[in-house]
file input.cif (mmCIF, C-alpha atoms and all ligand atoms)
data_model
#
loop_
_atom_site.label_atom_id
_atom_site.label_comp_id
_atom_site.auth_asym_id
_atom_site.auth_seq_id
_atom_site.Cartn_x
_atom_site.Cartn_y
_atom_site.Cartn_z
CA MET J 439 0.00 0.00 0.00
CA GLY J 440 3.05 2.23 -0.22
CA MET J 441 3.07 3.38 3.41
CA ASN J 442 5.95 2.73 5.76
CA LEU J 443 5.38 3.18 9.50
CA ARG J 444 8.26 0.94 10.59
CA GLY J 445 9.93 2.23 13.74
CA ARG J 446 7.21 4.79 14.49
CA ASN J 447 5.69 5.29 17.94
CA PHE J 448 1.91 5.30 18.31
CA LEU J 449 1.36 7.88 21.04
CA LYS J 450 -1.54 10.00 19.72
CA LEU J 451 -3.43 10.42 16.45
CA LEU J 452 -2.17 14.00 16.13
CA ASP J 453 1.20 12.47 15.12
CA PHE J 454 -0.36 10.68 12.14
CA SER J 455 -1.64 12.03 8.83
CA SER J 456 -5.12 11.18 7.57
CA GLU J 457 -3.48 8.97 4.93
CA GLU J 458 -1.52 7.06 7.58
CA ILE J 459 -4.70 6.51 9.61
CA ARG J 460 -6.45 5.34 6.44
CA TYR J 461 -3.58 2.88 5.85
CA LEU J 462 -3.90 1.51 9.41
CA LEU J 463 -7.67 1.08 8.98
CA ASP J 464 -7.21 -0.78 5.70
CA LEU J 465 -4.55 -2.97 7.27
CA SER J 466 -6.91 -3.67 10.19
CA LYS J 467 -9.55 -4.86 7.72
CA GLN J 468 -7.03 -7.23 6.16
CA PHE J 469 -6.08 -8.63 9.56
CA LYS J 470 -9.75 -8.98 10.51
CA ASN J 471 -10.34 -10.95 7.33
CA LEU J 472 -7.37 -13.24 8.02
CA LYS J 473 -8.61 -13.86 11.54
CA LYS J 474 -12.20 -14.53 10.45
CA THR J 475 -11.14 -16.92 7.72
CA GLY J 476 -8.71 -18.76 9.98
CA VAL J 477 -5.62 -17.90 7.93
CA PRO J 478 -2.50 -17.96 10.12
CA HIS J 479 -0.57 -14.69 10.17
CA ALA J 480 2.41 -15.16 12.46
CA TYR J 481 4.39 -12.56 10.52
CA LEU J 482 6.35 -11.35 13.55
CA THR J 483 7.62 -14.69 14.85
CA GLY J 484 10.75 -14.18 16.93
CA LYS J 485 9.81 -10.67 18.05
CA ASN J 486 8.82 -9.77 21.62
CA MET J 487 6.80 -7.02 23.24
CA VAL J 488 6.17 -5.90 26.80
CA LEU J 489 2.87 -4.53 28.08
CA LEU J 490 3.19 -2.01 30.93
CA PHE J 491 -0.08 -1.39 32.73
CA GLU J 492 -0.24 1.20 35.53
CA LYS J 493 -4.05 1.20 35.27
CA THR J 494 -6.46 -1.73 34.95
CA SER J 495 -7.73 -3.03 31.61
CA THR J 496 -9.72 -5.80 29.97
CA ARG J 497 -9.95 -4.89 26.27
CA THR J 498 -6.61 -3.20 25.70
CA ARG J 499 -4.56 -5.82 27.50
CA CYS J 500 -6.38 -8.73 25.86
CA ALA J 501 -6.22 -7.13 22.42
CA PHE J 502 -2.45 -6.61 22.71
CA GLU J 503 -1.91 -10.12 24.07
CA VAL J 504 -4.03 -11.90 21.45
CA ALA J 505 -2.73 -9.70 18.62
CA GLY J 506 0.85 -10.44 19.67
CA ARG J 507 0.23 -14.17 19.85
CA ASP J 508 -1.58 -14.23 16.49
CA LEU J 509 1.44 -12.46 15.01
CA GLY J 510 3.75 -15.09 16.52
CA MET J 511 5.29 -12.77 19.12
CA GLY J 512 6.39 -13.33 22.68
CA VAL J 513 4.34 -11.20 25.09
CA THR J 514 5.31 -10.12 28.63
CA TYR J 515 2.78 -8.38 30.90
CA LEU J 516 3.92 -6.16 33.77
CA ASP J 517 1.35 -4.77 36.19
CA PRO J 518 1.87 -1.84 38.57
CA GLY J 519 2.94 -4.09 41.45
CA SER J 520 5.42 -6.24 39.61
CA SER J 521 8.02 -3.95 38.05
CA GLN J 522 10.50 -1.40 39.40
CA MET J 523 9.15 1.34 37.12
CA GLY J 524 8.55 4.61 38.90
CA LYS J 525 9.20 3.33 42.41
CA LYS J 526 12.84 2.24 42.15
CA GLU J 527 13.66 3.03 38.54
CA SER J 528 13.01 6.18 36.54
CA ILE J 529 11.02 6.16 33.30
CA PRO J 530 14.11 6.85 31.12
CA ASP J 531 16.04 4.01 32.79
CA THR J 532 13.09 1.64 32.46
CA ALA J 533 12.73 2.56 28.79
CA ARG J 534 16.41 1.92 28.08
CA VAL J 535 16.32 -1.49 29.79
CA LEU J 536 13.12 -2.64 28.09
CA GLY J 537 14.31 -1.31 24.73
CA ARG J 538 17.32 -3.64 24.94
CA MET J 539 15.10 -6.70 25.42
CA PHE J 540 11.89 -6.05 23.52
CA ASP J 541 10.98 -5.01 19.99
CA GLY J 542 8.02 -2.91 21.16
CA ILE J 543 6.55 -1.47 24.37
CA GLU J 544 2.90 -0.82 25.20
CA TYR J 545 2.14 1.60 28.05
CA ARG J 546 -1.15 2.33 29.83
CA GLY J 547 -1.03 4.82 32.64
CA PHE J 548 -1.13 8.42 33.65
CA SER J 549 0.33 11.47 31.91
CA GLN J 550 1.11 11.69 28.21
CA GLU J 551 4.61 12.83 29.24
CA ILE J 552 5.34 9.35 30.60
CA VAL J 553 4.55 7.58 27.36
CA GLN J 554 6.47 10.29 25.49
CA THR J 555 9.50 9.79 27.75
CA LEU J 556 9.36 6.02 27.23
CA ALA J 557 9.34 6.65 23.49
CA ASP J 558 12.20 9.16 23.73
CA TYR J 559 14.47 6.67 25.47
CA ALA J 560 13.41 3.16 24.40
CA GLY J 561 14.81 3.04 20.88
CA VAL J 562 11.92 0.74 19.87
CA PRO J 563 8.30 1.62 19.04
CA VAL J 564 6.12 2.60 22.00
CA TRP J 565 2.32 2.25 21.77
CA ASN J 566 -0.04 4.27 23.95
CA GLY J 567 -2.67 1.98 25.49
CA LEU J 568 -4.36 4.97 27.23
CA THR J 569 -3.10 7.97 29.15
CA ASP J 570 -5.01 10.68 30.97
CA GLN J 571 -4.96 12.73 27.73
CA PHE J 572 -5.35 10.29 24.84
CA HIS J 573 -6.53 6.79 23.91
CA PRO J 574 -5.38 6.40 20.29
CA THR J 575 -5.75 2.63 19.81
CA GLN J 576 -9.41 2.97 20.83
CA MET J 577 -9.84 5.53 18.03
CA LEU J 578 -8.79 3.13 15.30
CA ALA J 579 -11.33 0.60 16.58
CA ASP J 580 -14.05 3.26 16.66
CA LEU J 581 -13.25 4.50 13.15
CA LEU J 582 -13.19 0.95 11.80
CA THR J 583 -16.56 0.21 13.43
CA MET J 584 -18.13 3.34 11.92
CA GLU J 585 -16.74 2.57 8.50
CA GLU J 586 -18.09 -0.98 8.68
CA LYS J 587 -21.55 0.27 9.66
CA PHE J 588 -21.87 3.27 7.32
CA GLY J 589 -19.52 2.30 4.48
CA ASN J 590 -17.69 5.62 4.76
CA LEU J 591 -16.41 8.13 7.31
CA LYS J 592 -16.27 11.51 5.57
CA GLY J 593 -19.26 13.71 6.30
CA LEU J 594 -20.68 11.64 9.15
CA ASN J 595 -22.06 13.56 12.14
CA PHE J 596 -20.63 12.33 15.44
CA THR J 597 -21.83 13.57 18.82
CA TYR J 598 -19.92 12.83 22.01
CA MET J 599 -21.86 13.40 25.24
CA GLY J 600 -20.49 13.70 28.75
CA ASP J 601 -16.93 14.27 29.94
CA ALA J 602 -15.59 15.78 26.72
CA ARG J 603 -12.14 16.61 28.07
CA ASN J 604 -11.13 13.12 29.11
CA ASN J 605 -8.86 10.83 27.08
CA THR J 606 -11.73 9.50 24.97
CA GLY J 607 -13.34 12.89 24.34
CA ASN J 608 -10.02 14.46 23.31
CA SER J 609 -9.11 11.56 21.09
CA LEU J 610 -12.49 11.31 19.37
CA MET J 611 -12.36 15.01 18.51
CA VAL J 612 -8.95 14.55 16.88
CA ALA J 613 -9.92 11.27 15.16
CA CYS J 614 -13.03 12.84 13.66
CA ALA J 615 -11.10 15.92 12.52
CA LYS J 616 -8.47 13.75 10.83
CA MET J 617 -11.05 11.69 8.95
CA GLY J 618 -13.43 14.49 7.91
CA ILE J 619 -16.19 13.60 10.38
CA ASN J 620 -18.21 16.46 11.91
CA PHE J 621 -17.63 16.29 15.67
CA THR J 622 -19.87 17.77 18.35
CA ALA J 623 -18.92 17.76 22.02
CA CYS J 624 -22.17 18.01 23.98
CA SER J 625 -21.35 18.65 27.60
CA PRO J 626 -21.34 21.28 30.34
CA LYS J 627 -18.81 24.09 29.66
CA GLU J 628 -16.62 22.92 32.54
CA LEU J 629 -16.02 19.68 30.68
CA PHE J 630 -15.40 21.02 27.18
CA PRO J 631 -12.05 19.92 25.73
CA GLU J 632 -9.16 22.34 26.37
CA ASN J 633 -9.10 25.39 24.11
CA ASN J 634 -5.74 24.74 22.51
CA LEU J 635 -6.71 21.19 21.52
CA VAL J 636 -10.00 22.49 20.11
CA GLN J 637 -8.06 25.03 18.01
CA ILE J 638 -5.72 22.34 16.68
CA ALA J 639 -8.64 20.00 15.92
CA ARG J 640 -10.50 22.83 14.14
CA GLU J 641 -7.51 23.50 11.88
CA ILE J 642 -7.26 19.82 10.99
CA ALA J 643 -11.04 19.51 10.50
CA GLY J 644 -11.02 22.60 8.25
CA LYS J 645 -8.56 20.89 5.89
CA ASN J 646 -10.82 17.83 5.78
CA ASN J 647 -14.07 19.77 5.24
CA SER J 648 -15.55 18.97 8.63
CA VAL J 649 -16.44 21.07 11.66
CA ILE J 650 -15.91 20.88 15.41
CA THR J 651 -18.82 22.15 17.51
CA LEU J 652 -19.05 22.56 21.28
CA THR J 653 -22.48 22.91 22.82
CA GLU J 654 -24.17 22.65 26.18
CA ASN J 655 -27.56 22.14 24.53
CA VAL J 656 -28.52 18.48 24.27
CA GLU J 657 -31.15 18.88 21.58
CA GLN J 658 -28.85 20.95 19.36
CA GLY J 659 -25.99 18.59 20.08
CA VAL J 660 -27.67 15.38 19.04
CA ARG J 661 -30.14 16.41 16.32
CA GLY J 662 -29.10 14.75 13.06
CA ALA J 663 -26.26 12.76 14.62
CA ASP J 664 -25.28 9.52 12.87
CA VAL J 665 -23.46 8.43 16.00
CA VAL J 666 -24.03 9.29 19.65
CA ALA J 667 -21.13 8.27 21.88
CA THR J 668 -20.29 8.61 25.53
CA ASP J 669 -17.83 7.38 28.16
CA ILE J 670 -17.82 6.91 31.93
CA TRP J 671 -18.25 10.08 33.97
CA VAL J 672 -15.23 9.56 36.21
CA SER J 673 -12.10 8.20 34.56
CA MET J 674 -9.37 6.00 36.02
CA GLY J 675 -7.00 8.06 38.13
CA GLU J 676 -9.62 10.64 39.17
CA PRO J 677 -10.51 10.81 42.88
CA ASP J 678 -13.64 9.06 44.18
CA GLN J 679 -14.85 12.31 45.78
CA ILE J 680 -15.53 13.67 42.31
CA TRP J 681 -18.47 11.31 41.66
CA GLU J 682 -21.03 13.54 43.34
CA SER J 683 -20.26 16.67 41.34
CA ARG J 684 -19.85 14.71 38.10
CA ILE J 685 -23.23 13.05 38.50
CA ARG J 686 -24.80 16.46 39.11
CA LEU J 687 -23.05 17.98 36.10
CA LEU J 688 -23.53 15.10 33.69
CA LYS J 689 -26.96 13.68 34.52
CA PRO J 690 -28.57 15.93 31.84
CA TYR J 691 -26.10 14.46 29.31
CA GLN J 692 -27.04 10.82 29.87
CA VAL J 693 -27.62 8.95 26.60
CA ASN J 694 -31.20 7.72 26.93
CA ARG J 695 -34.20 7.00 24.72
CA GLU J 696 -35.08 10.70 24.28
CA VAL J 697 -31.53 11.53 23.19
CA MET J 698 -31.45 8.67 20.68
CA SER J 699 -34.87 9.59 19.25
CA CYS J 700 -33.68 13.14 18.77
CA ALA J 701 -30.68 11.81 16.83
CA GLY J 702 -32.81 9.58 14.60
CA GLU J 703 -33.93 5.97 14.56
CA ASP J 704 -30.85 4.68 12.73
CA ALA J 705 -28.27 6.56 14.79
CA LEU J 706 -25.63 4.31 16.32
CA PHE J 707 -24.69 4.28 19.97
CA MET J 708 -20.97 3.92 20.74
CA HIS J 709 -18.98 3.54 23.96
CA CYS J 710 -15.37 2.42 24.47
CA LEU J 711 -16.42 0.40 27.56
CA PRO J 712 -16.48 -0.40 30.43
CA SER J 713 -19.87 1.22 31.03
CA PHE J 714 -22.12 1.89 33.99
CA HIS J 715 -25.46 1.07 32.36
CA ASP J 716 -26.80 -0.91 35.33
CA THR J 717 -25.86 -1.75 38.90
CA ASN J 718 -24.27 -5.13 38.14
CA THR J 719 -20.76 -3.95 39.03
CA VAL J 720 -19.18 -3.12 42.38
CA ILE J 721 -18.87 0.58 41.58
CA GLY J 722 -22.26 0.70 39.82
CA ALA J 723 -23.92 -0.77 42.90
CA GLU J 724 -22.06 1.57 45.29
CA ILE J 725 -23.00 4.65 43.27
CA GLY J 726 -26.56 3.36 42.99
CA LYS J 727 -26.82 3.05 46.73
CA LYS J 728 -25.14 6.36 47.49
CA PHE J 729 -26.78 8.58 44.88
CA GLY J 730 -29.98 6.70 44.03
CA ILE J 731 -29.22 6.18 40.33
CA SER J 732 -29.15 2.80 38.63
CA GLU J 733 -27.78 3.96 35.26
CA MET J 734 -25.20 6.60 34.55
CA GLU J 735 -23.76 7.74 31.20
CA VAL J 736 -26.14 5.51 29.21
CA THR J 737 -29.39 3.79 30.06
CA ASN J 738 -29.54 0.02 29.93
CA GLU J 739 -32.23 0.34 27.28
CA VAL J 740 -29.93 2.20 24.86
CA PHE J 741 -26.91 0.05 25.74
CA GLU J 742 -28.85 -3.11 24.86
CA SER J 743 -30.71 -1.62 21.85
CA ARG J 744 -30.20 -2.57 18.19
CA ASN J 745 -28.47 0.80 17.72
CA SER J 746 -25.68 -0.14 20.10
CA VAL J 747 -22.42 -1.29 18.48
CA VAL J 748 -20.32 -1.39 21.63
CA PHE J 749 -19.24 -5.02 21.28
CA ASP J 750 -18.24 -4.50 17.65
CA GLU J 751 -16.00 -1.69 18.87
CA ALA J 752 -14.56 -3.98 21.52
CA GLU J 753 -13.79 -6.71 18.98
CA ASN J 754 -12.20 -4.22 16.62
CA ARG J 755 -9.66 -3.34 19.31
CA LEU J 756 -7.97 -6.65 18.43
CA HIS J 757 -7.77 -6.13 14.67
CA THR J 758 -6.69 -2.48 14.87
CA ILE J 759 -4.07 -3.04 17.59
CA LYS J 760 -2.69 -5.89 15.50
CA ALA J 761 -2.38 -3.50 12.57
CA VAL J 762 -0.49 -0.96 14.70
CA ILE J 763 1.95 -3.57 16.04
CA TYR J 764 2.55 -5.02 12.57
CA ALA J 765 2.90 -1.68 10.79
CA THR J 766 5.43 -0.32 13.27
CA LEU J 767 7.50 -3.52 13.59
CA CYS J 768 7.41 -5.18 10.19
N1 LIG H 801 -11.88 0.58 26.13
C1 LIG H 801 -10.83 0.16 26.87
O1 LIG H 801 -9.71 0.66 26.76
O2 LIG H 801 -11.11 -0.85 27.71
P1 LIG H 801 -10.14 -1.43 28.85
O3 LIG H 801 -10.00 -0.39 29.90
O4 LIG H 801 -10.82 -2.67 29.33
O5 LIG H 801 -8.80 -1.72 28.21
N1 LIG H 802 -12.14 7.54 30.12
C1 LIG H 802 -11.98 6.17 30.56
C2 LIG H 802 -11.68 5.28 29.41
C3 LIG H 802 -11.59 3.83 29.77
C4 LIG H 802 -11.25 2.96 28.59
C5 LIG H 802 -10.91 6.10 31.63
O1 LIG H 802 -9.83 6.68 31.42
O2 LIG H 802 -11.12 5.47 32.66
#
call {"tool": "encode", "arguments": {"input": "input.cif", "output": "C-alpha cells"}}
result
Amino acid sequence: MGMNLRGRNFLKLLDFSSEEIRYLLDLSKQFKNLKKTGVPHAYLTGKNMVLLFEKTSTRTRCAFEVAGRDLGMGVTYLDPGSSQMGKKESIPDTARVLGRMFDGIEYRGFSQEIVQTLADYAGVPVWNGLTDQFHPTQMLADLLTMEEKFGNLKGLNFTYMGDARNNTGNSLMVACAKMGINFTACSPKELFPENNLVQIAREIAGKNNSVITLTENVEQGVRGADVVATDIWVSMGEPDQIWESRIRLLKPYQVNREVMSCAGEDALFMHCLPSFHDTNTVIGAEIGKKFGISEMEVTNEVFESRNSVVFDEAENRLHTIKAVIYATLC
C-alpha cells in the first residue's frame, strides 16, 4: 500500500496524517479478514513485546496479548505491582532497559509525558494503550466500526456526550477531525475539551471539510447525529470524591431513549467500555446506593438496543491493535 510506518511510535493520532490513519484502517480490515477466515498470520515470529499497565484493563490488555500471539510474538505483561518502574527506577532508565530486550513497548497509565519519555528513550516503538490525555488505539477501533456500519467516514455527524475533556473525548475530537467527520462535544462548559486542543482540531477539520462544535444544549448537540457516543463520567485516576459533582453535572447528558430519538432511529450508539449502564458492578452498585441512580452515562435500554455497536467496537480493538503492532515492527 506504499506506506511505511516501521519504527514509528503510536502515542496520539495527532502524530499521524489522515493517509496514515487510512492505511492503518485498511490494514486492520485485512487482519480482521485473516482472523475470520482462519488464515494464520504469524508474521512477527521471533519478536517480543512488553505490556506495561499502571491502570487496569480488559480490552486493551487482551487485544495486545491476542494480537501479539496471532502475530507469533512473545508477550510479557507487567502490572503496577510487579516492576521497578517509577518506584525504584526512573522512566528513562526503564525505557532503556526494556528497549534492549523487547521489539516494542505498550504503556497504559497516567500522563502523556510518561509515554512520550518512554518513546524518547526506548529506541523501539512505544504504543499508547491509554493515558489521561489520549486513547489512540481505541480511536482506530471506533473509526473501523463506523466505516463498517456506514460504508464511509467523511461527512458523518458524530456527537460525544459527557466528559468531553477526558482521554476518549479528546481523542475522538482529533480522530473525527483527521477523517473528515463532523464532531460535536455536547457537555457542560466545565467539561469542554481544552481550548488549545480544540483550536488544533479545528484547523485539521477545516482541511478535511468537517467542523468541530461545542455545545451545552442536548437537543442541538444530538439532532441529526449519525453516532451518539459517551464514556464513563469519572475516569481511572480521578478521585472518588468527584463522583457527586460529576453526577450532578452530567446527569442531563445521559444517553437515553429521548436523546437517541432526537438523533434519529438509525443513529448508532458507541462507547469504548467499560460502562455503567446498570448496577451489576461493584462501583455501579455503590454509586446506585449512594446517589440513588441505577444507570449513569447511558441507560440500559440504549446500551442493549439494536443501535448499540459497543461489542463490535470492543472486537475491533484486536484487529486495529494488530495493525499498529505489525505496521510499526514489520
Ligand atoms: N476501552 C478500553 O480501553 O477498555 P479497557 O479499559 O478494558 O482496556
Ligand atoms: N475515560 C476512561 C476510558 C476507559 C477505557 C478512563 O480513562 O477510565
call {"tool": "residues_near_ligand", "arguments": {"input": "input.cif", "ligand": "ligand LIG 802 (chain H)", "cutoff": "8 Å", "atoms": "all atoms listed in the file", "output": "VMD selection string"}}
result
chain J and resid 495 568 to 570 573 576 604 to 607 669 to 675 710 to 712
call {"tool": "closest_residue", "arguments": {"input": "input.cif", "among": "J:Gly659, J:Gly537, J:Gly445, J:Pro518", "to": "Met698 of chain J", "atoms": "all atoms listed in the file"}}
result
J:Gly659
call {"tool": "residues_around", "arguments": {"input": "input.cif", "residues": "segment 538-544 of chain J", "least_positions_apart": "4", "cutoff": "8 Å", "atoms": "all atoms listed in the file", "output": "ChimeraX atom specification"}}
result
/J:485-490,534,560,562-567,763,767
call {"tool": "residues_around", "arguments": {"input": "input.cif", "residues": "Leu443 of chain J", "least_positions_apart": "5", "cutoff": "12 Å", "atoms": "only C-alpha atoms", "output": "PDB file with C-alpha atoms, in the coordinates of the input"}}
result
ATOM      1  CA  PHE J 448       1.910   5.300  18.310  1.00  0.00           C
ATOM      2  CA  ASP J 453       1.200  12.470  15.120  1.00  0.00           C
ATOM      3  CA  PHE J 454      -0.360  10.680  12.140  1.00  0.00           C
ATOM      4  CA  SER J 455      -1.640  12.030   8.830  1.00  0.00           C
ATOM      5  CA  GLU J 457      -3.480   8.970   4.930  1.00  0.00           C
ATOM      6  CA  GLU J 458      -1.520   7.060   7.580  1.00  0.00           C
ATOM      7  CA  ILE J 459      -4.700   6.510   9.610  1.00  0.00           C
ATOM      8  CA  TYR J 461      -3.580   2.880   5.850  1.00  0.00           C
ATOM      9  CA  LEU J 462      -3.900   1.510   9.410  1.00  0.00           C
ATOM     10  CA  LEU J 465      -4.550  -2.970   7.270  1.00  0.00           C
ATOM     11  CA  PRO J 563       8.300   1.620  19.040  1.00  0.00           C
ATOM     12  CA  ALA J 761      -2.380  -3.500  12.570  1.00  0.00           C
ATOM     13  CA  VAL J 762      -0.490  -0.960  14.700  1.00  0.00           C
ATOM     14  CA  ILE J 763       1.950  -3.570  16.040  1.00  0.00           C
ATOM     15  CA  TYR J 764       2.550  -5.020  12.570  1.00  0.00           C
ATOM     16  CA  ALA J 765       2.900  -1.680  10.790  1.00  0.00           C
ATOM     17  CA  THR J 766       5.430  -0.320  13.270  1.00  0.00           C
ATOM     18  CA  LEU J 767       7.500  -3.520  13.590  1.00  0.00           C
ATOM     19  CA  CYS J 768       7.410  -5.180  10.190  1.00  0.00           C
TER      20      CYS J 768
END
call {"tool": "closest_residue", "arguments": {"input": "input.cif", "among": "J:Asp558, J:Glu735, J:Glu527, J:Asp580", "to": "ligand LIG 801 (chain H)", "atoms": "all atoms listed in the file"}}
result
J:Asp580
call {"tool": "decode", "arguments": {"input": "input.cif", "residues": "segment 555-568 of chain J", "atoms": "N, CA and C atoms", "output": "short mmCIF file (atom, residue, chain, number, x, y, z; two decimals), in the first residue's frame"}}
result
data_model
loop_
_atom_site.label_atom_id
_atom_site.label_comp_id
_atom_site.auth_asym_id
_atom_site.auth_seq_id
_atom_site.Cartn_x
_atom_site.Cartn_y
_atom_site.Cartn_z
N THR J 555 8.15 10.04 27.25
CA THR J 555 9.50 9.79 27.75
C THR J 555 9.94 8.36 27.42
N LEU J 556 9.04 7.41 27.61
CA LEU J 556 9.36 6.02 27.23
C LEU J 556 9.80 5.99 25.77
N ALA J 557 9.04 6.65 24.93
CA ALA J 557 9.34 6.65 23.49
C ALA J 557 10.68 7.35 23.21
N ASP J 558 10.96 8.41 23.95
CA ASP J 558 12.20 9.16 23.73
C ASP J 558 13.43 8.32 24.04
N TYR J 559 13.29 7.41 25.00
CA TYR J 559 14.47 6.67 25.47
C TYR J 559 14.54 5.21 25.03
N ALA J 560 13.42 4.62 24.59
CA ALA J 560 13.41 3.16 24.40
C ALA J 560 14.18 2.69 23.17
N GLY J 561 14.14 3.48 22.11
CA GLY J 561 14.81 3.04 20.88
C GLY J 561 14.02 1.98 20.11
N VAL J 562 12.83 1.65 20.59
CA VAL J 562 11.92 0.74 19.87
C VAL J 562 10.53 1.40 19.91
N PRO J 563 9.63 0.99 19.04
CA PRO J 563 8.30 1.62 19.04
C PRO J 563 7.58 1.48 20.38
N VAL J 564 6.94 2.58 20.78
CA VAL J 564 6.12 2.60 22.00
C VAL J 564 4.68 2.89 21.57
N TRP J 565 3.74 2.11 22.11
CA TRP J 565 2.32 2.25 21.77
C TRP J 565 1.56 2.70 23.01
N ASN J 566 0.74 3.73 22.84
CA ASN J 566 -0.04 4.27 23.95
C ASN J 566 -1.35 3.47 24.11
N GLY J 567 -1.45 2.74 25.21
CA GLY J 567 -2.67 1.98 25.49
C GLY J 567 -3.64 2.72 26.37
N LEU J 568 -3.50 4.02 26.49
CA LEU J 568 -4.36 4.97 27.23
C LEU J 568 -3.51 5.75 28.23
#
